[in-house]
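Let me begin by presenting the structure, written as structure tokens, before commenting on it.
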Amino acid sequence: MPVNYVPETGKTAQFFGLVGTAHFQPRNTKSVVSLRYVLNGEWMYHNFPGIRYEELGALYGIRLNNFLISAGVSKNHGVDRGQFVRSSDPGSLLNGDYYEKVTYKGFGLPLEAQFIFPFQGFSFRLAAFGNINNGHSYGGFNFSICLGRMN
């Protein structure tokens, strides 16, 4: 579960997220090129708009045996809540408070460290990942099953 730092409040917030990655390692090299997409935000919360963060990143890494460390550049954008607008109407189906919708976008430094447990035709992967950027930095952990030839 990624953890986001919310600069307006000075607190962290935990949001469930989706992470998709694709890795390519040419034969006989230790270099790895990766593409990563991250989407985390509030799902099924009562306040509107829901907080959301998206990242699309390109990373370059070095693989040493079963350990991979990568860094790169990413394009980030998302939605925050601005000032309070109003509460929901009494008796409405959607209870919650309404806020100004504040959008943002920028660039970041995506980081990732992985340990890979290879098997024939698939592998298990344990990863720590994050993104350092202006105001919406986050970090998280991931366990995944990877398909493909893992040498």
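Each chain of the structure tokens is named A, B, ... in the order shown, its residues numbered from 1; ligands are numbered from 1 in display order.
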Each region 32-92 of chain A residue no farther than 12 Å from region 134-137 of chain A, nearest pair in Å, only C-alpha atoms, as CSV:
residue,atom,partner,partner_atom,distance
A:Asn40,CA,A:His136,CA,11.5
A:Gly41,CA,A:His136,CA,11.9
A:Ile51,CA,A:His136,CA,11.3
A:Arg52,CA,A:His136,CA,10.4
A:Tyr53,CA,A:His136,CA,8.2
A:Glu54,CA,A:His136,CA,10.3
A:Glu55,CA,A:His136,CA,10.7
A:Ser74,CA,A:Ser137,CA,11.9
A:Lys75,CA,A:Asn134,CA,11.7
A:Asn76,CA,A:His136,CA,9.0
A:His77,CA,A:His136,CA,9.3
A:Gly78,CA,A:His136,CA,9.2
A:Val79,CA,A:His136,CA,10.6
A:Asp80,CA,A:His136,CA,10.0
Which of region 9-149 of chain A counts as strand (DSSP E) under DSSP, as a tab-separated table (two decimals) with N, CA and C atoms, in the first residue's frame please?
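Written output follows (out.tsv):
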chain	number	residue	atom	x	y	z
A	11	LYS	N	1.07	15.57	7.15
A	11	LYS	CA	0.80	14.19	7.56
A	11	LYS	C	0.96	13.25	6.37
A	12	THR	N	0.99	11.96	6.68
A	12	THR	CA	0.99	10.97	5.62
A	12	THR	C	-0.40	10.36	5.51
A	13	ALA	N	-0.69	9.82	4.34
A	13	ALA	CA	-1.97	9.17	4.10
A	13	ALA	C	-1.71	7.87	3.37
A	14	GLN	N	-2.46	6.83	3.70
A	14	GLN	CA	-2.30	5.55	3.04
A	14	GLN	C	-3.46	5.34	2.07
A	17	GLY	N	-3.27	1.18	-4.10
A	17	GLY	CA	-2.90	1.59	-5.44
A	17	GLY	C	-2.68	0.41	-6.36
A	18	LEU	N	-2.57	0.72	-7.62
A	18	LEU	CA	-2.25	-0.25	-8.65
A	18	LEU	C	-0.88	0.11	-9.22
A	19	VAL	N	-0.05	-0.90	-9.42
A	19	VAL	CA	1.28	-0.69	-9.98
A	19	VAL	C	1.46	-1.67	-11.13
A	20	GLY	N	1.83	-1.16	-12.29
A	20	GLY	CA	2.13	-1.99	-13.44
A	20	GLY	C	3.54	-1.69	-13.92
A	21	THR	N	4.35	-2.72	-14.11
A	21	THR	CA	5.71	-2.51	-14.60
A	21	THR	C	6.04	-3.48	-15.71
A	22	ALA	N	6.93	-3.06	-16.58
A	22	ALA	CA	7.48	-3.91	-17.64
A	22	ALA	C	8.99	-3.71	-17.62
A	23	HIS	N	9.72	-4.82	-17.57
A	23	HIS	CA	11.19	-4.76	-17.52
A	23	HIS	C	11.77	-5.44	-18.75
A	24	PHE	N	12.87	-4.89	-19.23
A	24	PHE	CA	13.60	-5.50	-20.34
A	24	PHE	C	15.08	-5.50	-19.99
A	31	SER	N	22.27	-4.37	-17.29
A	31	SER	CA	21.39	-3.21	-17.41
A	31	SER	C	19.94	-3.65	-17.60
A	32	VAL	N	19.03	-2.92	-16.96
A	32	VAL	CA	17.59	-3.19	-17.08
A	32	VAL	C	16.88	-1.88	-17.35
A	33	VAL	N	15.99	-1.89	-18.35
A	33	VAL	CA	15.15	-0.73	-18.66
A	33	VAL	C	13.73	-1.09	-18.25
A	34	SER	N	13.07	-0.17	-17.53
A	34	SER	CA	11.73	-0.45	-17.01
A	34	SER	C	10.78	0.69	-17.32
A	35	LEU	N	9.52	0.35	-17.52
A	35	LEU	CA	8.42	1.31	-17.58
A	35	LEU	C	7.51	1.00	-16.40
A	36	ARG	N	7.04	2.05	-15.72
A	36	ARG	CA	6.20	1.85	-14.54
A	36	ARG	C	5.02	2.80	-14.58
A	37	TYR	N	3.85	2.27	-14.26
A	37	TYR	CA	2.64	3.07	-14.12
A	37	TYR	C	2.09	2.84	-12.71
A	38	VAL	N	1.80	3.92	-12.01
A	38	VAL	CA	1.26	3.85	-10.65
A	38	VAL	C	-0.02	4.68	-10.60
A	39	LEU	N	-1.05	4.12	-9.99
A	39	LEU	CA	-2.29	4.83	-9.73
A	39	LEU	C	-2.67	4.55	-8.29
A	40	ASN	N	-2.66	5.57	-7.45
A	40	ASN	CA	-3.17	5.40	-6.10
A	40	ASN	C	-4.08	6.56	-5.76
A	41	GLY	N	-5.01	6.26	-4.89
A	41	GLY	CA	-5.97	7.28	-4.50
A	41	GLY	C	-7.01	6.74	-3.56
A	52	ARG	N	-6.29	11.62	-5.78
A	52	ARG	CA	-5.76	10.66	-6.76
A	52	ARG	C	-4.37	11.09	-7.18
A	53	TYR	N	-3.50	10.10	-7.46
A	53	TYR	CA	-2.14	10.35	-7.92
A	53	TYR	C	-1.81	9.34	-9.01
A	54	GLU	N	-1.28	9.82	-10.13
A	54	GLU	CA	-0.85	8.94	-11.22
A	54	GLU	C	0.58	9.26	-11.60
A	55	GLU	N	1.31	8.21	-11.96
A	55	GLU	CA	2.70	8.36	-12.39
A	55	GLU	C	2.96	7.45	-13.58
A	56	LEU	N	3.69	7.96	-14.56
A	56	LEU	CA	4.20	7.15	-15.65
A	56	LEU	C	5.70	7.42	-15.69
A	57	GLY	N	6.50	6.37	-15.46
A	57	GLY	CA	7.93	6.57	-15.33
A	57	GLY	C	8.74	5.64	-16.21
A	58	ALA	N	9.93	6.10	-16.57
A	58	ALA	CA	10.93	5.30	-17.28
A	58	ALA	C	12.14	5.20	-16.35
A	59	LEU	N	12.59	3.98	-16.10
A	59	LEU	CA	13.68	3.75	-15.16
A	59	LEU	C	14.80	2.96	-15.82
A	60	TYR	N	16.01	3.22	-15.35
A	60	TYR	CA	17.18	2.46	-15.78
A	60	TYR	C	17.80	1.85	-14.53
A	61	GLY	N	18.13	0.57	-14.60
A	61	GLY	CA	18.67	-0.08	-13.42
A	61	GLY	C	19.80	-1.03	-13.71
A	62	ILE	N	20.41	-1.47	-12.63
A	62	ILE	CA	21.49	-2.46	-12.68
A	62	ILE	C	21.05	-3.67	-11.88
A	63	ARG	N	21.23	-4.85	-12.49
A	63	ARG	CA	20.88	-6.09	-11.81
A	63	ARG	C	22.16	-6.78	-11.38
A	64	LEU	N	22.23	-7.09	-10.10
A	64	LEU	CA	23.35	-7.84	-9.53
A	64	LEU	C	22.78	-9.12	-8.95
A	67	PHE	N	19.25	-9.12	-7.30
A	67	PHE	CA	18.91	-7.81	-6.75
A	67	PHE	C	18.93	-6.78	-7.88
A	68	LEU	N	17.91	-5.93	-7.95
A	68	LEU	CA	17.81	-4.90	-8.99
A	68	LEU	C	17.55	-3.56	-8.33
A	69	ILE	N	18.31	-2.55	-8.70
A	69	ILE	CA	18.09	-1.19	-8.21
A	69	ILE	C	17.96	-0.28	-9.42
A	70	SER	N	16.93	0.58	-9.42
A	70	SER	CA	16.60	1.41	-10.59
A	70	SER	C	16.23	2.84	-10.16
A	71	ALA	N	16.46	3.77	-11.06
A	71	ALA	CA	16.05	5.17	-10.90
A	71	ALA	C	15.73	5.71	-12.28
A	72	GLY	N	15.00	6.82	-12.34
A	72	GLY	CA	14.65	7.36	-13.65
A	72	GLY	C	13.95	8.70	-13.54
A	73	VAL	N	13.04	8.92	-14.50
A	73	VAL	CA	12.26	10.15	-14.55
A	73	VAL	C	10.80	9.78	-14.77
A	74	SER	N	9.89	10.59	-14.20
A	74	SER	CA	8.46	10.29	-14.33
A	74	SER	C	7.65	11.55	-14.55
A	75	LYS	N	6.50	11.37	-15.16
A	75	LYS	CA	5.49	12.41	-15.33
A	75	LYS	C	4.39	12.08	-14.34
A	76	ASN	N	4.07	13.04	-13.47
A	76	ASN	CA	3.09	12.83	-12.41
A	76	ASN	C	1.93	13.80	-12.56
A	77	HIS	N	0.74	13.35	-12.21
A	77	HIS	CA	-0.40	14.25	-12.13
A	77	HIS	C	-1.44	13.66	-11.19
A	78	GLY	N	-2.36	14.52	-10.73
A	78	GLY	CA	-3.36	14.03	-9.82
A	78	GLY	C	-4.35	15.09	-9.40
A	79	VAL	N	-5.13	14.74	-8.39
A	79	VAL	CA	-6.20	15.59	-7.88
A	79	VAL	C	-6.08	15.67	-6.36
A	80	ASP	N	-6.13	16.88	-5.84
A	80	ASP	CA	-6.18	17.15	-4.40
A	80	ASP	C	-7.48	17.87	-4.09
A	81	ARG	N	-7.78	17.98	-2.80
A	81	ARG	CA	-8.92	18.77	-2.37
A	81	ARG	C	-8.45	20.17	-2.02
A	82	GLY	N	-9.22	21.17	-2.45
A	82	GLY	CA	-8.95	22.55	-2.08
A	82	GLY	C	-9.76	22.93	-0.86
A	83	GLN	N	-10.31	24.13	-0.90
A	83	GLN	CA	-11.08	24.62	0.22
A	83	GLN	C	-12.46	23.98	0.28
A	84	PHE	N	-12.98	23.89	1.48
A	84	PHE	CA	-14.31	23.33	1.71
A	84	PHE	C	-15.36	24.15	0.97
A	85	VAL	N	-16.30	23.48	0.29
A	85	VAL	CA	-17.37	24.15	-0.44
A	85	VAL	C	-18.69	24.01	0.30
A	86	ARG	N	-19.08	22.74	0.58
A	86	ARG	CA	-20.36	22.53	1.27
A	86	ARG	C	-20.45	21.07	1.72
A	87	SER	N	-21.40	20.82	2.61
A	87	SER	CA	-21.71	19.45	3.01
A	87	SER	C	-22.79	18.91	2.08
A	97	ASP	N	-18.53	15.54	2.28
A	97	ASP	CA	-18.27	16.95	2.08
A	97	ASP	C	-17.72	17.20	0.69
A	98	TYR	N	-17.99	18.39	0.17
A	98	TYR	CA	-17.53	18.79	-1.15
A	98	TYR	C	-16.45	19.84	-1.00
A	99	TYR	N	-15.39	19.69	-1.79
A	99	TYR	CA	-14.24	20.60	-1.76
A	99	TYR	C	-13.93	21.07	-3.18
A	100	GLU	N	-13.15	22.13	-3.28
A	100	GLU	CA	-12.65	22.54	-4.59
A	100	GLU	C	-11.77	21.43	-5.15
A	101	LYS	N	-11.83	21.25	-6.46
A	101	LYS	CA	-10.98	20.27	-7.12
A	101	LYS	C	-9.69	20.98	-7.54
A	102	VAL	N	-8.56	20.51	-7.01
A	102	VAL	CA	-7.26	21.10	-7.32
A	102	VAL	C	-6.44	20.05	-8.07
A	103	THR	N	-6.09	20.35	-9.31
A	103	THR	CA	-5.28	19.42	-10.09
A	103	THR	C	-3.83	19.89	-10.07
A	104	TYR	N	-2.93	18.95	-10.26
A	104	TYR	CA	-1.50	19.27	-10.30
A	104	TYR	C	-0.81	18.33	-11.28
A	105	LYS	N	0.34	18.74	-11.73
A	105	LYS	CA	1.17	17.89	-12.59
A	105	LYS	C	2.62	18.33	-12.44
A	106	GLY	N	3.52	17.44	-12.75
A	106	GLY	CA	4.93	17.74	-12.63
A	106	GLY	C	5.78	16.53	-12.96
A	107	PHE	N	7.05	16.62	-12.62
A	107	PHE	CA	7.99	15.55	-12.89
A	107	PHE	C	8.55	15.04	-11.57
A	108	GLY	N	9.05	13.81	-11.58
A	108	GLY	CA	9.58	13.23	-10.36
A	108	GLY	C	10.75	12.31	-10.63
A	109	LEU	N	11.31	11.82	-9.54
A	109	LEU	CA	12.43	10.88	-9.57
A	109	LEU	C	11.94	9.56	-9.01
A	110	PRO	N	11.55	8.61	-9.89
A	110	PRO	CA	11.10	7.31	-9.40
A	110	PRO	C	12.30	6.44	-9.00
A	111	LEU	N	12.15	5.73	-7.91
A	111	LEU	CA	13.18	4.84	-7.38
A	111	LEU	C	12.56	3.48	-7.13
A	112	GLU	N	13.39	2.44	-7.26
A	112	GLU	CA	12.88	1.09	-7.02
A	112	GLU	C	14.04	0.17	-6.67
A	113	ALA	N	13.82	-0.68	-5.67
A	113	ALA	CA	14.77	-1.73	-5.31
A	113	ALA	C	13.98	-3.03	-5.24
A	114	GLN	N	14.51	-4.08	-5.88
A	114	GLN	CA	13.78	-5.34	-5.96
A	114	GLN	C	14.69	-6.50	-5.61
A	115	PHE	N	14.07	-7.52	-5.03
A	115	PHE	CA	14.75	-8.81	-4.89
A	115	PHE	C	13.90	-9.81	-5.63
A	116	ILE	N	14.54	-10.58	-6.53
A	116	ILE	CA	13.83	-11.47	-7.43
A	116	ILE	C	14.16	-12.92	-7.07
A	117	PHE	N	13.12	-13.74	-6.93
A	117	PHE	CA	13.26	-15.17	-6.67
A	117	PHE	C	12.90	-15.91	-7.96
A	118	PRO	N	13.88	-16.24	-8.83
A	118	PRO	CA	13.56	-16.82	-10.14
A	118	PRO	C	13.28	-18.32	-10.09
A	122	PHE	N	8.73	-18.31	-14.45
A	122	PHE	CA	8.11	-17.26	-13.65
A	122	PHE	C	9.05	-16.91	-12.50
A	123	SER	N	8.71	-15.88	-11.76
A	123	SER	CA	9.49	-15.51	-10.57
A	123	SER	C	8.59	-14.78	-9.59
A	124	PHE	N	9.02	-14.76	-8.34
A	124	PHE	CA	8.41	-13.93	-7.32
A	124	PHE	C	9.29	-12.70	-7.18
A	125	ARG	N	8.67	-11.57	-6.88
A	125	ARG	CA	9.41	-10.31	-6.77
A	125	ARG	C	8.93	-9.56	-5.54
A	126	LEU	N	9.88	-9.11	-4.73
A	126	LEU	CA	9.60	-8.27	-3.59
A	126	LEU	C	10.26	-6.93	-3.86
A	127	ALA	N	9.49	-5.84	-3.85
A	127	ALA	CA	10.01	-4.53	-4.26
A	127	ALA	C	9.63	-3.45	-3.27
A	128	ALA	N	10.55	-2.51	-3.10
A	128	ALA	CA	10.28	-1.25	-2.42
A	128	ALA	C	10.39	-0.17	-3.49
A	129	PHE	N	9.42	0.73	-3.55
A	129	PHE	CA	9.42	1.72	-4.62
A	129	PHE	C	8.93	3.05	-4.09
A	130	GLY	N	9.18	4.09	-4.85
A	130	GLY	CA	8.72	5.41	-4.45
A	130	GLY	C	8.98	6.43	-5.53
A	131	ASN	N	8.60	7.67	-5.24
A	131	ASN	CA	8.81	8.76	-6.17
A	131	ASN	C	9.05	10.03	-5.35
A	132	ILE	N	10.16	10.69	-5.64
A	132	ILE	CA	10.49	11.95	-4.99
A	132	ILE	C	10.11	13.06	-5.96
A	133	ASN	N	9.22	13.95	-5.53
A	133	ASN	CA	8.77	15.02	-6.41
A	133	ASN	C	8.35	16.22	-5.58
A	138	TYR	N	5.93	9.76	-2.45
A	138	TYR	CA	5.32	8.59	-1.84
A	138	TYR	C	6.30	7.43	-1.83
A	139	GLY	N	5.97	6.39	-1.10
A	139	GLY	CA	6.73	5.15	-1.07
A	139	GLY	C	5.80	4.00	-0.82
A	140	GLY	N	6.22	2.80	-1.19
A	140	GLY	CA	5.38	1.63	-0.97
A	140	GLY	C	6.16	0.34	-1.13
A	141	PHE	N	5.48	-0.77	-0.86
A	141	PHE	CA	6.04	-2.11	-1.01
A	141	PHE	C	5.13	-2.91	-1.92
A	142	ASN	N	5.73	-3.89	-2.60
A	142	ASN	CA	4.97	-4.67	-3.55
A	142	ASN	C	5.49	-6.10	-3.56
A	143	PHE	N	4.59	-7.05	-3.58
A	143	PHE	CA	4.92	-8.46	-3.82
A	143	PHE	C	4.21	-8.84	-5.10
A	144	SER	N	4.94	-9.45	-6.03
A	144	SER	CA	4.30	-9.78	-7.31
A	144	SER	C	4.82	-11.10	-7.85
A	145	ILE	N	4.06	-11.65	-8.77
A	145	ILE	CA	4.45	-12.85	-9.52
A	145	ILE	C	4.68	-12.40	-10.95
A	146	CYS	N	5.85	-12.69	-11.48
A	146	CYS	CA	6.23	-12.26	-12.83
A	146	CYS	C	6.28	-13.47	-13.75
A	147	LEU	N	5.80	-13.28	-14.97
A	147	LEU	CA	5.82	-14.33	-15.97
A	147	LEU	C	6.88	-14.02	-17.02
Grab the CA of Gln25 (chain A) to CA of Gly148 (chain A) distance for me, in Å with one decimal place. 11.8 Å
